[in-house]
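> Input file: upload_22.cif. Contents: mmCIF, C-alpha atoms and all ligand atoms.
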data_run
#
loop_
_atom_site.group_PDB
_atom_site.id
_atom_site.type_symbol
_atom_site.label_atom_id
_atom_site.label_comp_id
_atom_site.auth_asym_id
_atom_site.auth_seq_id
_atom_site.Cartn_x
_atom_site.Cartn_y
_atom_site.Cartn_z
ATOM 1 C CA MET A 7 0.000 0.000 0.000
ATOM 2 C CA PRO A 8 1.563 3.394 -0.934
ATOM 3 C CA GLU A 9 2.703 5.486 2.069
ATOM 4 C CA GLN A 10 0.174 8.257 1.410
ATOM 5 C CA ILE A 11 -2.718 5.780 1.572
ATOM 6 C CA ARG A 12 -1.383 4.150 4.754
ATOM 7 C CA GLU A 13 -1.037 7.564 6.412
ATOM 8 C CA ASN A 14 -4.592 8.515 5.583
ATOM 9 C CA PHE A 15 -6.098 5.173 6.479
ATOM 10 C CA ALA A 16 -9.219 5.511 8.573
ATOM 11 C CA PRO A 17 -11.263 2.585 9.885
ATOM 12 C CA ALA A 18 -14.778 2.138 8.442
ATOM 13 C CA ARG A 19 -17.113 4.721 9.964
ATOM 14 C CA GLU A 20 -20.783 4.644 10.848
ATOM 15 C CA ALA A 21 -23.225 5.713 8.131
ATOM 16 C CA GLN A 22 -24.247 8.770 10.187
ATOM 17 C CA ASP A 23 -20.642 10.030 10.068
ATOM 18 C CA ARG A 24 -20.471 10.108 6.273
ATOM 19 C CA PHE A 25 -19.700 13.397 4.586
ATOM 20 C CA ALA A 26 -20.167 14.796 1.110
ATOM 21 C CA LEU A 27 -18.038 17.724 -0.022
ATOM 22 C CA VAL A 28 -19.840 19.852 -2.598
ATOM 23 C CA THR A 29 -17.843 22.588 -4.313
ATOM 24 C CA GLY A 30 -19.762 25.497 -5.785
ATOM 25 C CA ALA A 31 -22.590 24.756 -3.341
ATOM 26 C CA SER A 32 -23.753 28.366 -3.046
ATOM 27 C CA SER A 33 -26.064 28.270 -6.074
ATOM 28 C CA GLY A 34 -27.451 26.297 -9.016
ATOM 29 C CA ILE A 35 -26.530 22.642 -9.433
ATOM 30 C CA GLY A 36 -24.245 22.626 -6.355
ATOM 31 C CA ALA A 37 -26.962 23.981 -4.050
ATOM 32 C CA CYS A 38 -29.353 21.329 -5.405
ATOM 33 C CA PHE A 39 -26.735 18.635 -4.730
ATOM 34 C CA ALA A 40 -26.498 19.895 -1.144
ATOM 35 C CA ARG A 41 -30.271 19.654 -0.642
ATOM 36 C CA ALA A 42 -30.562 16.230 -2.318
ATOM 37 C CA LEU A 43 -27.644 14.753 -0.347
ATOM 38 C CA ALA A 44 -29.058 16.106 2.914
ATOM 39 C CA ALA A 45 -32.332 14.361 2.046
ATOM 40 C CA ARG A 46 -30.256 11.156 1.712
ATOM 41 C CA GLY A 47 -28.903 11.693 5.233
ATOM 42 C CA MET A 48 -25.378 12.810 4.370
ATOM 43 C CA ASN A 49 -23.454 15.354 6.419
ATOM 44 C CA LEU A 50 -22.148 18.151 4.243
ATOM 45 C CA ALA A 51 -19.111 20.310 3.687
ATOM 46 C CA LEU A 52 -20.172 23.156 1.419
ATOM 47 C CA ALA A 53 -17.485 25.174 -0.355
ATOM 48 C CA ALA A 54 -17.680 28.334 -2.481
ATOM 49 C CA ARG A 55 -16.701 32.006 -2.252
ATOM 50 C CA SER A 56 -20.093 33.374 -1.064
ATOM 51 C CA ARG A 57 -20.201 32.649 2.656
ATOM 52 C CA SER A 58 -23.628 34.250 3.177
ATOM 53 C CA LYS A 59 -25.264 32.102 0.488
ATOM 54 C CA LEU A 60 -23.651 28.959 1.939
ATOM 55 C CA GLU A 61 -24.885 29.935 5.423
ATOM 56 C CA GLY A 62 -28.384 30.347 3.952
ATOM 57 C CA ILE A 63 -28.306 26.815 2.529
ATOM 58 C CA LYS A 64 -26.926 25.487 5.804
ATOM 59 C CA ALA A 65 -29.826 27.125 7.712
ATOM 60 C CA GLU A 66 -32.350 25.711 5.249
ATOM 61 C CA ILE A 67 -30.948 22.183 5.716
ATOM 62 C CA ALA A 68 -30.635 22.544 9.498
ATOM 63 C CA ALA A 69 -34.345 23.455 9.672
ATOM 64 C CA LYS A 70 -35.239 20.098 8.113
ATOM 65 C CA TYR A 71 -32.603 17.564 9.151
ATOM 66 C CA SER A 72 -30.298 16.867 12.060
ATOM 67 C CA LEU A 73 -27.041 16.727 10.150
ATOM 68 C CA ARG A 74 -23.601 18.319 10.407
ATOM 69 C CA VAL A 75 -23.228 21.039 7.780
ATOM 70 C CA GLU A 76 -19.884 22.832 7.533
ATOM 71 C CA VAL A 77 -19.443 26.003 5.489
ATOM 72 C CA ILE A 78 -16.049 26.579 3.902
ATOM 73 C CA GLU A 79 -15.431 29.909 2.218
ATOM 74 C CA GLN A 80 -12.800 29.313 -0.415
ATOM 75 C CA ASP A 81 -11.830 30.705 -3.795
ATOM 76 C CA LEU A 82 -10.937 27.477 -5.546
ATOM 77 C CA SER A 83 -9.278 29.246 -8.467
ATOM 78 C CA ALA A 84 -6.528 30.562 -6.182
ATOM 79 C CA PRO A 85 -3.182 28.733 -6.355
ATOM 80 C CA GLY A 86 -2.962 26.126 -3.562
ATOM 81 C CA ALA A 87 -6.733 26.324 -2.914
ATOM 82 C CA ALA A 88 -7.344 22.567 -3.040
ATOM 83 C CA GLU A 89 -4.519 21.944 -0.555
ATOM 84 C CA GLN A 90 -5.979 24.613 1.743
ATOM 85 C CA LEU A 91 -9.482 23.123 1.520
ATOM 86 C CA HIS A 92 -8.057 19.677 2.250
ATOM 87 C CA SER A 93 -6.276 21.005 5.374
ATOM 88 C CA ASP A 94 -9.470 22.748 6.457
ATOM 89 C CA LEU A 95 -11.410 19.473 6.174
ATOM 90 C CA LYS A 96 -8.753 17.656 8.217
ATOM 91 C CA ALA A 97 -8.839 20.371 10.900
ATOM 92 C CA ARG A 98 -12.608 19.861 11.158
ATOM 93 C CA ASP A 99 -12.125 16.070 11.342
ATOM 94 C CA ILE A 100 -14.082 15.493 8.139
ATOM 95 C CA VAL A 101 -13.452 12.400 6.033
ATOM 96 C CA VAL A 102 -15.098 12.778 2.634
ATOM 97 C CA ASP A 103 -17.078 9.810 1.286
ATOM 98 C CA LEU A 104 -18.556 11.645 -1.686
ATOM 99 C CA LEU A 105 -16.778 14.439 -3.522
ATOM 100 C CA VAL A 106 -18.910 16.546 -5.847
ATOM 101 C CA ASN A 107 -16.537 18.626 -7.954
ATOM 102 C CA ASN A 108 -19.133 21.064 -9.205
ATOM 103 C CA ALA A 109 -17.650 24.590 -8.981
ATOM 104 C CA GLY A 110 -17.073 25.988 -12.446
ATOM 105 C CA PHE A 111 -17.867 28.806 -14.816
ATOM 106 C CA GLY A 112 -17.839 29.650 -18.500
ATOM 107 C CA ALA A 113 -17.244 32.769 -20.581
ATOM 108 C CA HIS A 114 -18.857 33.846 -23.817
ATOM 109 C CA GLY A 115 -17.115 35.704 -26.606
ATOM 110 C CA GLU A 116 -14.198 35.560 -28.987
ATOM 111 C CA PHE A 117 -11.189 33.936 -27.323
ATOM 112 C CA TRP A 118 -8.805 36.744 -28.270
ATOM 113 C CA ARG A 119 -11.130 39.464 -26.936
ATOM 114 C CA LEU A 120 -11.970 37.824 -23.579
ATOM 115 C CA PRO A 121 -9.537 38.757 -20.781
ATOM 116 C CA ILE A 122 -6.833 36.111 -20.545
ATOM 117 C CA ALA A 123 -6.782 36.472 -16.748
ATOM 118 C CA ARG A 124 -10.433 35.366 -16.599
ATOM 119 C CA GLN A 125 -9.783 32.446 -18.936
ATOM 120 C CA ALA A 126 -6.749 31.340 -16.897
ATOM 121 C CA GLU A 127 -8.943 31.527 -13.782
ATOM 122 C CA MET A 128 -11.370 29.205 -15.561
ATOM 123 C CA LEU A 129 -8.586 26.717 -16.266
ATOM 124 C CA ARG A 130 -7.539 26.802 -12.606
ATOM 125 C CA LEU A 131 -11.089 26.289 -11.306
ATOM 126 C CA ASN A 132 -12.598 23.908 -13.889
ATOM 127 C CA ILE A 133 -9.451 21.776 -14.307
ATOM 128 C CA VAL A 134 -6.714 22.320 -11.715
ATOM 129 C CA ALA A 135 -8.820 22.549 -8.540
ATOM 130 C CA LEU A 136 -10.978 19.601 -9.638
ATOM 131 C CA THR A 137 -7.912 17.456 -10.349
ATOM 132 C CA GLU A 138 -6.070 18.427 -7.155
ATOM 133 C CA LEU A 139 -9.100 17.850 -4.910
ATOM 134 C CA THR A 140 -9.614 14.451 -6.493
ATOM 135 C CA TYR A 141 -5.930 13.641 -5.941
ATOM 136 C CA LEU A 142 -6.024 14.706 -2.299
ATOM 137 C CA LEU A 143 -9.269 12.946 -1.333
ATOM 138 C CA LEU A 144 -8.922 9.732 -3.328
ATOM 139 C CA PRO A 145 -6.308 7.941 -1.157
ATOM 140 C CA VAL A 146 -8.665 7.648 1.843
ATOM 141 C CA MET A 147 -11.448 6.352 -0.420
ATOM 142 C CA ILE A 148 -9.053 3.751 -1.802
ATOM 143 C CA ALA A 149 -7.907 2.762 1.683
ATOM 144 C CA GLN A 150 -11.534 2.381 2.794
ATOM 145 C CA ARG A 151 -12.443 0.545 -0.391
ATOM 146 C CA ARG A 152 -15.432 2.869 -0.604
ATOM 147 C CA GLY A 153 -16.143 6.343 -1.904
ATOM 148 C CA SER A 154 -17.561 8.245 -4.845
ATOM 149 C CA ILE A 155 -16.662 11.224 -6.969
ATOM 150 C CA ILE A 156 -19.052 13.149 -9.183
ATOM 151 C CA ASN A 157 -17.295 15.514 -11.547
ATOM 152 C CA VAL A 158 -19.745 17.958 -13.060
ATOM 153 C CA SER A 159 -18.801 18.189 -16.720
ATOM 154 C CA SER A 160 -21.127 19.224 -19.545
ATOM 155 C CA THR A 161 -22.480 18.273 -22.953
ATOM 156 C CA ALA A 162 -20.015 21.007 -24.012
ATOM 157 C CA SER A 163 -17.320 18.377 -23.446
ATOM 158 C CA PHE A 164 -18.237 16.419 -26.573
ATOM 159 C CA GLN A 165 -17.457 18.991 -29.263
ATOM 160 C CA PRO A 166 -15.544 22.232 -29.753
ATOM 161 C CA ILE A 167 -17.709 25.273 -29.015
ATOM 162 C CA PRO A 168 -16.579 28.440 -30.790
ATOM 163 C CA TYR A 169 -17.044 31.548 -28.613
ATOM 164 C CA SER A 170 -16.749 29.314 -25.540
ATOM 165 C CA SER A 171 -13.651 27.516 -26.782
ATOM 166 C CA VAL A 172 -11.777 27.446 -23.479
ATOM 167 C CA TYR A 173 -14.859 26.435 -21.487
ATOM 168 C CA ALA A 174 -15.682 23.534 -23.840
ATOM 169 C CA ALA A 175 -12.039 22.403 -23.710
ATOM 170 C CA THR A 176 -12.055 22.435 -19.881
ATOM 171 C CA LYS A 177 -15.122 20.203 -19.889
ATOM 172 C CA ALA A 178 -13.578 17.861 -22.503
ATOM 173 C CA TYR A 179 -10.773 17.445 -19.963
ATOM 174 C CA VAL A 180 -13.242 16.760 -17.127
ATOM 175 C CA THR A 181 -15.129 14.051 -19.024
ATOM 176 C CA SER A 182 -11.965 12.364 -20.288
ATOM 177 C CA PHE A 183 -10.187 12.527 -16.918
ATOM 178 C CA SER A 184 -13.235 11.249 -15.015
ATOM 179 C CA MET A 185 -13.904 8.296 -17.303
ATOM 180 C CA GLY A 186 -10.243 7.288 -17.331
ATOM 181 C CA LEU A 187 -10.034 7.535 -13.553
ATOM 182 C CA ALA A 188 -13.297 5.585 -13.136
ATOM 183 C CA GLU A 189 -11.649 2.594 -14.823
ATOM 184 C CA GLU A 190 -8.483 2.973 -12.725
ATOM 185 C CA VAL A 191 -10.200 3.011 -9.334
ATOM 186 C CA SER A 192 -13.219 0.731 -9.769
ATOM 187 C CA ALA A 193 -11.072 -2.202 -8.572
ATOM 188 C CA TYR A 194 -10.726 -0.364 -5.215
ATOM 189 C CA GLY A 195 -14.493 0.018 -4.814
ATOM 190 C CA VAL A 196 -14.407 3.725 -5.677
ATOM 191 C CA LYS A 197 -16.926 5.130 -8.171
ATOM 192 C CA VAL A 198 -16.300 8.090 -10.464
ATOM 193 C CA LEU A 199 -19.017 9.691 -12.562
ATOM 194 C CA ALA A 200 -18.735 12.336 -15.280
ATOM 195 C CA LEU A 201 -22.064 14.142 -15.068
ATOM 196 C CA CYS A 202 -22.858 15.979 -18.304
ATOM 197 C CA PRO A 203 -25.836 18.306 -18.205
ATOM 198 C CA GLY A 204 -26.872 20.395 -21.188
ATOM 199 C CA GLY A 205 -28.234 23.933 -20.751
ATOM 200 C CA THR A 206 -29.491 24.224 -17.170
ATOM 201 C CA ALA A 207 -31.477 27.022 -15.521
ATOM 202 C CA THR A 208 -28.888 28.446 -13.096
ATOM 203 C CA ASN A 209 -26.762 31.557 -12.672
ATOM 204 C CA PHE A 210 -24.200 30.069 -15.095
ATOM 205 C CA PHE A 211 -25.152 32.186 -18.128
ATOM 206 C CA GLU A 212 -25.197 35.435 -16.152
ATOM 207 C CA ALA A 213 -21.873 34.643 -14.459
ATOM 208 C CA GLY A 214 -20.276 33.935 -17.854
ATOM 209 C CA LYS A 215 -21.905 36.989 -19.522
ATOM 210 C CA PHE A 216 -23.516 34.797 -22.194
ATOM 211 C CA ASP A 217 -25.813 36.291 -24.800
ATOM 212 C CA LYS A 218 -29.173 34.529 -24.985
ATOM 213 C CA ILE A 219 -28.660 31.069 -26.453
ATOM 214 C CA SER A 220 -31.530 28.814 -27.531
ATOM 215 C CA PHE A 221 -31.094 25.219 -26.445
ATOM 216 C CA PRO A 222 -33.250 22.555 -28.113
ATOM 217 C CA GLY A 223 -35.913 21.703 -25.536
ATOM 218 C CA GLY A 224 -35.058 24.780 -23.413
ATOM 219 C CA LEU A 225 -33.178 24.708 -20.127
ATOM 220 C CA GLN A 226 -33.327 21.776 -17.711
ATOM 221 C CA SER A 227 -33.931 22.365 -13.996
ATOM 222 C CA PRO A 228 -30.888 21.912 -11.725
ATOM 223 C CA GLU A 229 -32.995 19.593 -9.531
ATOM 224 C CA ALA A 230 -33.514 17.240 -12.503
ATOM 225 C CA VAL A 231 -29.765 17.326 -13.283
ATOM 226 C CA VAL A 232 -28.923 16.321 -9.704
ATOM 227 C CA GLU A 233 -31.540 13.581 -9.611
ATOM 228 C CA ALA A 234 -30.150 12.127 -12.866
ATOM 229 C CA GLY A 235 -26.597 12.342 -11.499
ATOM 230 C CA LEU A 236 -27.363 10.563 -8.231
ATOM 231 C CA ARG A 237 -29.375 7.889 -10.046
ATOM 232 C CA ALA A 238 -26.444 7.285 -12.422
ATOM 233 C CA LEU A 239 -24.014 7.075 -9.498
ATOM 234 C CA ASP A 240 -26.276 4.558 -7.707
ATOM 235 C CA ARG A 241 -26.268 2.449 -10.877
ATOM 236 C CA GLY A 242 -22.481 2.542 -11.115
ATOM 237 C CA ARG A 243 -22.401 4.508 -14.365
ATOM 238 C CA THR A 244 -19.228 6.388 -15.286
ATOM 239 C CA LEU A 245 -20.908 8.818 -17.710
ATOM 240 C CA ALA A 246 -24.329 10.419 -17.460
ATOM 241 C CA VAL A 247 -25.633 12.762 -20.134
ATOM 242 C CA THR A 248 -28.807 14.240 -18.717
ATOM 243 C CA ARG A 249 -31.989 14.443 -20.785
ATOM 244 C CA PHE A 250 -33.113 12.390 -23.774
ATOM 245 C CA ILE A 251 -32.824 15.301 -26.232
ATOM 246 C CA ASN A 252 -29.142 15.832 -25.292
ATOM 247 C CA ARG A 253 -28.383 12.129 -25.788
ATOM 248 C CA VAL A 254 -30.082 12.172 -29.215
ATOM 249 C CA MET A 255 -28.118 15.288 -30.272
ATOM 250 C CA LEU A 256 -24.816 13.746 -29.169
ATOM 251 C CA PHE A 257 -25.607 10.525 -31.028
ATOM 252 C CA MET A 258 -26.464 12.440 -34.218
ATOM 253 C CA GLN A 259 -23.296 14.499 -34.126
ATOM 254 C CA ARG A 260 -21.199 11.321 -34.160
ATOM 255 C CA LEU A 261 -22.490 10.770 -37.705
ATOM 256 C CA VAL A 262 -21.250 14.171 -38.921
ATOM 257 C CA PRO A 263 -17.589 15.273 -39.604
ATOM 258 C CA ARG A 264 -16.155 17.061 -36.535
ATOM 259 C CA CYS A 265 -15.413 20.264 -38.449
ATOM 260 C CA LEU A 266 -19.089 20.555 -39.387
ATOM 261 C CA VAL A 267 -20.104 19.926 -35.777
ATOM 262 C CA ALA A 268 -17.839 22.792 -34.685
ATOM 263 C CA ARG A 269 -19.299 25.064 -37.368
ATOM 264 C CA GLN A 270 -22.843 24.254 -36.249
ATOM 265 C CA ALA A 271 -21.905 24.929 -32.606
ATOM 266 C CA GLY A 272 -20.381 28.226 -33.748
ATOM 267 C CA ALA A 273 -23.674 29.216 -35.376
ATOM 268 C CA MET A 274 -25.499 28.464 -32.127
ATOM 269 C CA PHE A 275 -23.037 30.333 -29.873
ATOM 270 C CA ARG A 276 -22.101 33.280 -32.150
ATOM 271 C CA PRO A 277 -22.367 36.448 -30.035
ATOM 272 C CA ARG A 278 -25.251 38.734 -30.921
ATOM 273 C CA GLY A 279 -24.224 41.589 -33.162
ATOM 274 C CA MET A 280 -21.312 39.665 -34.700
ATOM 275 C CA ALA A 281 -21.543 39.443 -38.477
ATOM 276 C CA ASN A 282 -22.025 35.997 -40.062
ATOM 277 C CA ARG A 283 -18.947 34.906 -41.947
HETATM 278 N N1 LIG A 301 -25.906 25.824 -16.165
HETATM 279 C C1 LIG A 301 -25.554 25.127 -17.235
HETATM 280 O O1 LIG A 301 -26.126 25.274 -18.329
HETATM 281 C C2 LIG A 301 -24.484 24.068 -17.106
HETATM 282 C C3 LIG A 301 -24.441 23.061 -18.091
HETATM 283 C C4 LIG A 301 -23.469 22.083 -18.007
HETATM 284 C C5 LIG A 301 -22.569 22.099 -16.963
HETATM 285 N N2 LIG A 301 -22.614 23.089 -16.012
HETATM 286 C C6 LIG A 301 -21.634 23.065 -14.941
HETATM 287 O O2 LIG A 301 -22.306 22.982 -13.715
HETATM 288 C C7 LIG A 301 -21.445 23.464 -12.679
HETATM 289 C C8 LIG A 301 -22.238 24.358 -11.745
HETATM 290 O O3 LIG A 301 -22.663 25.497 -12.433
HETATM 291 P P1 LIG A 301 -24.139 26.088 -12.309
HETATM 292 O O4 LIG A 301 -24.808 25.887 -13.615
HETATM 293 O O5 LIG A 301 -24.807 25.590 -11.092
HETATM 294 O O6 LIG A 301 -23.803 27.647 -12.224
HETATM 295 P P2 LIG A 301 -23.834 28.684 -11.000
HETATM 296 O O7 LIG A 301 -25.219 28.790 -10.462
HETATM 297 O O8 LIG A 301 -23.174 29.901 -11.527
HETATM 298 O O9 LIG A 301 -22.937 27.990 -9.891
HETATM 299 C C9 LIG A 301 -21.523 28.016 -9.935
HETATM 300 C C10 LIG A 301 -20.989 27.683 -8.567
HETATM 301 O O10 LIG A 301 -19.561 27.671 -8.621
HETATM 302 C C11 LIG A 301 -19.055 28.499 -7.582
HETATM 303 N N3 LIG A 301 -17.812 29.134 -7.963
HETATM 304 C C12 LIG A 301 -17.567 29.953 -9.021
HETATM 305 N N4 LIG A 301 -16.296 30.380 -8.996
HETATM 306 C C13 LIG A 301 -15.727 29.839 -7.887
HETATM 307 C C14 LIG A 301 -14.434 29.921 -7.302
HETATM 308 N N5 LIG A 301 -13.469 30.662 -7.860
HETATM 309 N N6 LIG A 301 -14.194 29.234 -6.165
HETATM 310 C C15 LIG A 301 -15.171 28.497 -5.585
HETATM 311 N N7 LIG A 301 -16.408 28.359 -6.094
HETATM 312 C C16 LIG A 301 -16.685 29.033 -7.232
HETATM 313 C C17 LIG A 301 -20.152 29.552 -7.367
HETATM 314 O O11 LIG A 301 -20.091 30.056 -6.037
HETATM 315 P P3 LIG A 301 -19.456 31.468 -5.598
HETATM 316 O O12 LIG A 301 -19.753 32.453 -6.665
HETATM 317 O O13 LIG A 301 -20.128 31.713 -4.288
HETATM 318 O O14 LIG A 301 -17.990 31.176 -5.434
HETATM 319 C C18 LIG A 301 -21.400 28.704 -7.529
HETATM 320 O O15 LIG A 301 -21.715 28.069 -6.319
HETATM 321 C C19 LIG A 301 -20.274 24.161 -13.380
HETATM 322 O O16 LIG A 301 -19.144 23.320 -13.337
HETATM 323 C C20 LIG A 301 -20.775 24.315 -14.808
HETATM 324 O O17 LIG A 301 -19.715 24.341 -15.726
HETATM 325 C C21 LIG A 301 -23.567 24.070 -16.058
#
Just give me the structure as structure tokens.


Amino acid sequence: MPEQIRENFAPAREAQDRFALVTGASSGIGACFARALAARGMNLALAARSRSKLEGIKAEIAAKYSLRVEVIEQDLSAPGAAEQLHSDLKARDIVVDLLVNNAGFGAHGEFWRLPIARQAEMLRLNIVALTELTYLLLPVMIAQRRGSIINVSSTASFQPIPYSSVYAATKAYVTSFSMGLAEEVSAYGVKVLALCPGGTATNFFEAGKFDKISFPGGLQSPEAVVEAGLRALDRGRTLAVTRFINRVMLFMQRLVPRCLVARQAGAMFRPRGMANR
């Protein structure tokens, strides 16, 4: 057994001691994960930058269930953030049984016009923090021969998306990394799921300053995304694309050359006011 795993080894704990860490729990899909996991009887560590919103969700859960809910204010795009969050969890004596790597954002516009600092921040949050948190929390799951990781990816991970090129590439990383890792760790009893929602009704589009984009079938509710994700995890799936219409679209695009798929995505995401070329 590698030294790091031995060091972190913890004996099997009672079900009532089990914790889920949800990143980006202050709104949207992450907040819905927090509520759904509380309903399943899990204690929660909720991380994001907005302490007051996290405290609000904690109060809402505390009014309904007798669970431990810990709020951790953390900017996960900051260098060393995952390490800091990991230390914070240790200091609070929290062993994570389910990691929901959900925090993330997008940006809409031409790559060369969008601030590079914002796009680098996206790389650090959507890719680096997710990878480092997984790396830091996995050894205990392996030692316990039990644990689960849900990485919130996107249907954006399956094709290039002009005018959200960096965002789509970060999600391609998340889906590929998660599915590869799922195969690596299944022998240790650890489950990894790449959860791929399509357009979902959250703060995502406002945060990323997206122009209005029409998704076939409209936006899905974050509650439905979470329900689909937890169902897929229960069934031991490694990939879950939410919604029938999204699965049909992804199947159809496999039949079309990739350059045409990118062009079609470009037509859908072209910023308003930009001339057609
Ligand atoms: N909505 C969609 O259409 C859609 C579709 C597919 C996939 N997704 C993915 O779903 C995930 C959740 O997004 P959402 O749709 O629920 O959007 P959202 O409502 O904007 O939620 C984003 C969450 O991430 C947190 N966050 C942002 N920057 C952070 C940072 N630097 N450090 C820590 N936390 C940070 C936000 O909290 P604070 O601002 O408080 O930090 C918030 O809790 C993202 O990974 C997104 O890419 C969304």

> Can you pull out every residue within 10 Å of stretch 232-246 of chain A, counting all atoms listed in the file, but drop anything in the same chain fewer than 6 positions away, and send it as a ChimeraX atom specification?

/A:35-43,154-161,181-182,184-189,192,196-203,253

> Find, counting only C-alpha atoms and all ligand atoms, the residue in A:Pro145, A:Gly86, A:Gly115, A:Pro121 that gets nearest to ligand LIG 301 (chain A).

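The shortest atom-to-atom distance to ligand LIG 301 (chain A) comes from A:Gly86.
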
> Select, from A:Phe211, A:Phe183, A:Phe25, A:Phe111, the residue with the minimum atom-to-atom distance to A:Tyr141, counting only C-alpha atoms.

A:Phe183

> Compile a residue-level contact table for chain A against ligand LIG 301 (chain A) at a cut-off of 8 Å, reporting for every qualifying residue the shortest atom pair and its distance in Å to one decimal, with all atoms listed in the file counted, rows ordered by chain and ascending number, as a tab-separated table.


residue	atom	partner	partner_atom	distance
A:Thr29	CA	A:LIG301	N7	6.2
A:Gly30	CA	A:LIG301	O15	3.3
A:Ala31	CA	A:LIG301	O15	4.5
A:Ser32	CA	A:LIG301	O15	3.9
A:Ser33	CA	A:LIG301	O15	4.4
A:Gly34	CA	A:LIG301	O5	3.4
A:Ile35	CA	A:LIG301	O5	3.8
A:Gly36	CA	A:LIG301	O5	5.6
A:Ala37	CA	A:LIG301	O15	7.0
A:Ala53	CA	A:LIG301	C15	6.6
A:Ala54	CA	A:LIG301	N7	3.8
A:Arg55	CA	A:LIG301	O14	3.5
A:Ser56	CA	A:LIG301	O13	3.6
A:Arg57	CA	A:LIG301	O13	7.0
A:Lys59	CA	A:LIG301	O13	7.0
A:Leu60	CA	A:LIG301	O13	7.7
A:Glu79	CA	A:LIG301	C15	7.9
A:Gln80	CA	A:LIG301	C15	5.7
A:Asp81	CA	A:LIG301	N6	3.7
A:Leu82	CA	A:LIG301	N6	3.8
A:Ser83	CA	A:LIG301	N5	4.5
A:Ala84	CA	A:LIG301	N5	7.1
A:Asn107	CA	A:LIG301	O16	7.6
A:Asn108	CA	A:LIG301	O16	4.7
A:Ala109	CA	A:LIG301	O10	3.6
A:Gly110	CA	A:LIG301	O16	3.5
A:Phe111	CA	A:LIG301	O17	4.9
A:Gly112	CA	A:LIG301	O17	6.3
A:Glu127	CA	A:LIG301	N5	7.5
A:Leu131	CA	A:LIG301	N5	6.1
A:Asn132	CA	A:LIG301	O16	6.6
A:Val158	CA	A:LIG301	O16	5.4
A:Ser159	CA	A:LIG301	C5	5.4
A:Ser160	CA	A:LIG301	C4	4.0
A:Thr161	CA	A:LIG301	C4	6.3
A:Ala162	CA	A:LIG301	C4	7.0
A:Tyr173	CA	A:LIG301	O17	7.8
A:Lys177	CA	A:LIG301	O17	7.5
A:Cys202	CA	A:LIG301	C4	6.1
A:Pro203	CA	A:LIG301	C4	4.5
A:Gly204	CA	A:LIG301	C3	4.8
A:Gly205	CA	A:LIG301	O1	3.5
A:Thr206	CA	A:LIG301	O1	3.7
A:Ala207	CA	A:LIG301	N1	5.7
A:Thr208	CA	A:LIG301	O7	4.5
A:Asn209	CA	A:LIG301	O7	3.9
A:Phe210	CA	A:LIG301	O8	3.7
A:Phe211	CA	A:LIG301	N1	6.7
A:Glu212	CA	A:LIG301	O8	7.5
A:Ala213	CA	A:LIG301	O8	5.7
A:Leu225	CA	A:LIG301	O1	7.3
A:Pro228	CA	A:LIG301	O5	7.1

> For the structure provided, state which residues fall under the PyMOL selection byres (((chain A and resi 259) around 12) and not hetatm), and present them as a list in words.

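With the shown file as input, the PyMOL selection byres (((chain A and resi 259) around 12) and not hetatm) matches Thr161, Phe164, Gln165, Pro166, Asn252, Arg253, Val254, Met255, Leu256, Phe257, Met258, Arg260, Leu261, Val262, Pro263, Arg264, Cys265, Leu266, Val267, Ala268, Arg269, Gln270 and Ala271 of chain A.
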